[in-house]
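Visitor: The structure under discussion is supplied below as structure tokens; questions concerning it will follow.
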Amino acid sequence: MSTRNVTLLLEDGTQFHGKSFGYEQAVAGEVVFNTAMMGYPESLTDPSYAGQLMVLTYPLVGNYGVPPFTFDANGIATFMESDKIYASALIVADYSEQHSHWNAAESLADWLKREQVPGITGIDTRELTKVLREHGVMMGKILFDDQPDEIPEADYEGVNFVEKVSCKEIIRYHEGSGKKVVLVDCGVKHNIIRSLLRRGVEVIRVPWNYDYTSLDIDGLFLANGPGNPDLCEDAVNVLKKYMSASAKPICGICMGNQLLAKAAGANIYKLKYGHRSHNQPVRMAGTNTCYMTSQNHGYAVDVKTLGSDWSELFVNMNDASNEGIRHKYNPWFSSQFHPEACSGPVDTEFMFDKFVDSLSSSTLTF
């Protein structure tokens, strides 16, 4: 491991000092924390982390290495959630230089270096998380102490990260295999695609702002993605056009929940420090049924601004923020959490079953 000293400088002037174990380059971005105990390969390759410096609160990181970066015949990553690391940096308390796992192909440090992503260890991530919880998410800079003049500036505020991470052309999976579903790629995790394909549907993956309203399809799926949904008006306008012309099923996840809510007339607001973990409890509205969920988002839907034809589907049990919406008459619904949750939990994977079933029956029951 490198012996170079590194400083994490937050925008309020707070400093944390550690050692470099990844790619050695100064970087800036939004500092966010994730409380999951495992799953760093999946989190790092989740496009929703684009432009962010990821803090892992679980103290030991790297002990099971990194799986091989292989792809299936469809171009879907076998073990990862996209084609590369999207987080701008990784910040941990204790990086394990030795790793052991049956499926490990390389160390976390080697992977970060290969993909040119900085990593810091030796940081008091518990104290850092307390600072972020009190102040809210902040911009931050990773600086190398022996290069004091290399001061990066973050290109974050006002940036449409969805446009940066979305596919640029139409990609088709399992053509002619069953019901046709358009997947709006706002930064889709590959396990969303896997989850749809396992249920026998044909997936037509389109760019975030593509006008799919003239396509002959059976349903629409709105994927997750990074950044501020208010910067995705093009996607919302296409969605409104689709909803005005068709009552065919719609399902959304994460960013997809927010885009569906915006198309329904609701407002979006930024959470103080977001939800990024595998342990967020949510309750199905109107019931006492609760689920443990995986989440990664910094914005939420203001359900008080939803139209009268809509209702809340799930609510967060920690802060009462919205976790999903549904239309009262049409088979349109969404979740703020990730039902496919790779790496876990999968308590709510039934959301995919509900969507695929509605493609045939055009009805939706919970």
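Each chain in the structure tokens gets a letter, A, B and so on, in the order shown; residues start at 1 in every chain, and ligands are counted from 1 in the order they appear.
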Can you pull out the residues contacting Asp94 (chain A)? Cut-off 6 Å, using only C-alpha atoms, and skip same-chain residues under 6 positions away; I want them as a ChimeraX atom specification.

Guide: /A:59-60,121-122

Visitor: From the DSSP assignment of the backbone, select every residue of region 155-247 of chain A that is alpha helix (DSSP H), and format the answer as a count of residues only.

Guide: 26

Visitor: If you count only C-alpha atoms, which residues fall within 8 Å of Gly65 (chain A), apart from same-chain ones fewer than 6 positions away, as a PDB file with C-alpha atoms, in the first residue's frame?

Guide:
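Once everything was written out, this is around_17.pdb:
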```pdb
ATOM      1  CA  HIS A  99      -8.114 -10.585   0.589  1.00  0.00           C
ATOM      2  CA  SER A 100      -9.641 -14.062   0.435  1.00  0.00           C
ATOM      3  CA  HIS A 101     -12.676 -15.186  -1.534  1.00  0.00           C
ATOM      4  CA  ALA A 104     -11.805 -12.876  -6.148  1.00  0.00           C
ATOM      5  CA  ALA A 105      -9.804 -11.973  -9.252  1.00  0.00           C
ATOM      6  CA  GLU A 106      -7.850  -9.017  -7.847  1.00  0.00           C
ATOM      7  CA  SER A 107      -7.553  -6.749  -4.832  1.00  0.00           C
ATOM      8  CA  LEU A 108      -9.718  -3.683  -4.343  1.00  0.00           C
TER       9      LEU A 108
END
```

Visitor: Could you name the residues that touch region 188-197 of chain A at 8 Å or less, counting only C-alpha atoms, but leaving out those on the same chain fewer than 4 positions away, as a list in words?

Guide: Asp46, Pro47, Ile76, Ala77, Met80, Glu81, Ser82, Ser166, Tyr173, His174, Val201, Glu202, Val203, Ala223, Asn224, Gly225, Glu340, Ala341, Cys342 and Phe352 of chain A

Visitor: Given the selection you just returned, output its residues as a file containing N, CA, C and O atoms, formatted as a CSV table (one decimal), in the first residue's frame.

Guide:
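Wrote it out as again18.csv, contents follow:
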```
chain,number,residue,atom,x,y,z
A,46,ASP,N,-22.3,1.2,-9.5
A,46,ASP,CA,-23.6,1.7,-9.6
A,46,ASP,C,-23.5,3.1,-10.2
A,46,ASP,O,-22.9,4.0,-9.6
A,47,PRO,N,-24.1,3.4,-11.4
A,47,PRO,CA,-24.0,4.7,-12.0
A,47,PRO,C,-24.6,5.8,-11.2
A,47,PRO,O,-24.3,7.0,-11.4
A,76,ILE,N,-24.0,-7.8,-20.5
A,76,ILE,CA,-24.4,-7.4,-19.1
A,76,ILE,C,-23.3,-8.0,-18.2
A,76,ILE,O,-22.9,-9.2,-18.3
A,77,ALA,N,-22.8,-7.2,-17.3
A,77,ALA,CA,-21.7,-7.6,-16.3
A,77,ALA,C,-22.2,-8.8,-15.5
A,77,ALA,O,-23.3,-8.8,-15.0
A,80,MET,N,-20.8,-7.3,-11.6
A,80,MET,CA,-20.9,-5.9,-11.4
A,80,MET,C,-22.2,-5.3,-11.8
A,80,MET,O,-23.1,-6.0,-12.3
A,81,GLU,N,-22.4,-4.0,-11.6
A,81,GLU,CA,-23.7,-3.3,-11.9
A,81,GLU,C,-23.6,-2.4,-13.1
A,81,GLU,O,-24.6,-1.8,-13.5
A,82,SER,N,-22.4,-2.4,-13.8
A,82,SER,CA,-22.3,-1.6,-15.0
A,82,SER,C,-20.9,-2.0,-15.6
A,82,SER,O,-20.3,-3.0,-15.2
A,166,SER,N,-26.2,7.6,-19.2
A,166,SER,CA,-27.2,6.9,-20.0
A,166,SER,C,-26.6,6.3,-21.2
A,166,SER,O,-25.6,6.8,-21.8
A,173,TYR,N,-32.5,-6.6,-25.9
A,173,TYR,CA,-32.2,-7.8,-25.2
A,173,TYR,C,-33.3,-8.8,-25.4
A,173,TYR,O,-34.5,-8.4,-25.3
A,174,HIS,N,-33.0,-10.1,-25.8
A,174,HIS,CA,-34.0,-11.1,-25.9
A,174,HIS,C,-35.1,-10.8,-26.9
A,174,HIS,O,-36.3,-10.9,-26.6
A,201,VAL,N,-39.2,-11.3,-20.5
A,201,VAL,CA,-39.6,-10.2,-21.3
A,201,VAL,C,-38.5,-9.7,-22.3
A,201,VAL,O,-37.3,-10.0,-22.0
A,202,GLU,N,-38.9,-9.1,-23.4
A,202,GLU,CA,-38.0,-8.5,-24.3
A,202,GLU,C,-37.7,-7.0,-23.8
A,202,GLU,O,-38.7,-6.3,-23.5
A,203,VAL,N,-36.5,-6.7,-23.6
A,203,VAL,CA,-36.1,-5.3,-23.1
A,203,VAL,C,-35.6,-4.5,-24.2
A,203,VAL,O,-34.6,-4.9,-24.9
A,223,ALA,N,-35.7,3.5,-15.0
A,223,ALA,CA,-34.5,3.0,-14.2
A,223,ALA,C,-34.0,4.1,-13.2
A,223,ALA,O,-34.4,5.2,-13.2
A,224,ASN,N,-33.1,3.6,-12.4
A,224,ASN,CA,-32.4,4.4,-11.5
A,224,ASN,C,-31.4,5.4,-12.2
A,224,ASN,O,-31.1,5.2,-13.4
A,225,GLY,N,-30.8,6.3,-11.5
A,225,GLY,CA,-29.8,7.1,-12.1
A,225,GLY,C,-29.3,8.2,-11.1
A,225,GLY,O,-29.9,8.3,-10.0
A,340,GLU,N,-34.4,-5.0,-6.7
A,340,GLU,CA,-33.4,-6.0,-7.2
A,340,GLU,C,-32.1,-6.1,-6.3
A,340,GLU,O,-31.4,-7.0,-6.3
A,341,ALA,N,-31.8,-5.0,-5.6
A,341,ALA,CA,-30.9,-4.9,-4.6
A,341,ALA,C,-29.7,-5.9,-4.7
A,341,ALA,O,-29.6,-6.8,-4.0
A,342,CYS,N,-28.8,-5.6,-5.6
A,342,CYS,CA,-27.6,-6.4,-5.7
A,342,CYS,C,-26.4,-5.6,-5.1
A,342,CYS,O,-26.0,-4.6,-5.6
A,352,PHE,N,-41.0,-6.7,-9.3
A,352,PHE,CA,-40.8,-7.1,-10.7
A,352,PHE,C,-41.9,-8.0,-11.2
A,352,PHE,O,-42.4,-8.0,-12.3
```

Visitor: Produce a table with one row for each residue of region 166-284 of chain A that has an atom at most 7 Å from any atom of region 305-323 of chain A, each row naming the nearest atom pair and its distance in Å at one decimal; use only C-alpha atoms; arrange rows by chain and rising residue number; format as a Markdown table.

Guide:
```
| residue | atom | partner | partner_atom | distance |
| --- | --- | --- | --- | --- |
| A:Ala264 | CA | A:Gly307 | CA | 6.4 |
| A:Gly265 | CA | A:Leu306 | CA | 6.0 |
| A:Ala266 | CA | A:Leu306 | CA | 4.7 |
| A:Asn267 | CA | A:Thr305 | CA | 6.2 |
| A:Pro281 | CA | A:Met317 | CA | 5.5 |
| A:Val282 | CA | A:Asn316 | CA | 4.5 |
| A:Arg283 | CA | A:Val315 | CA | 5.4 |
| A:Met284 | CA | A:Phe314 | CA | 4.4 |
```
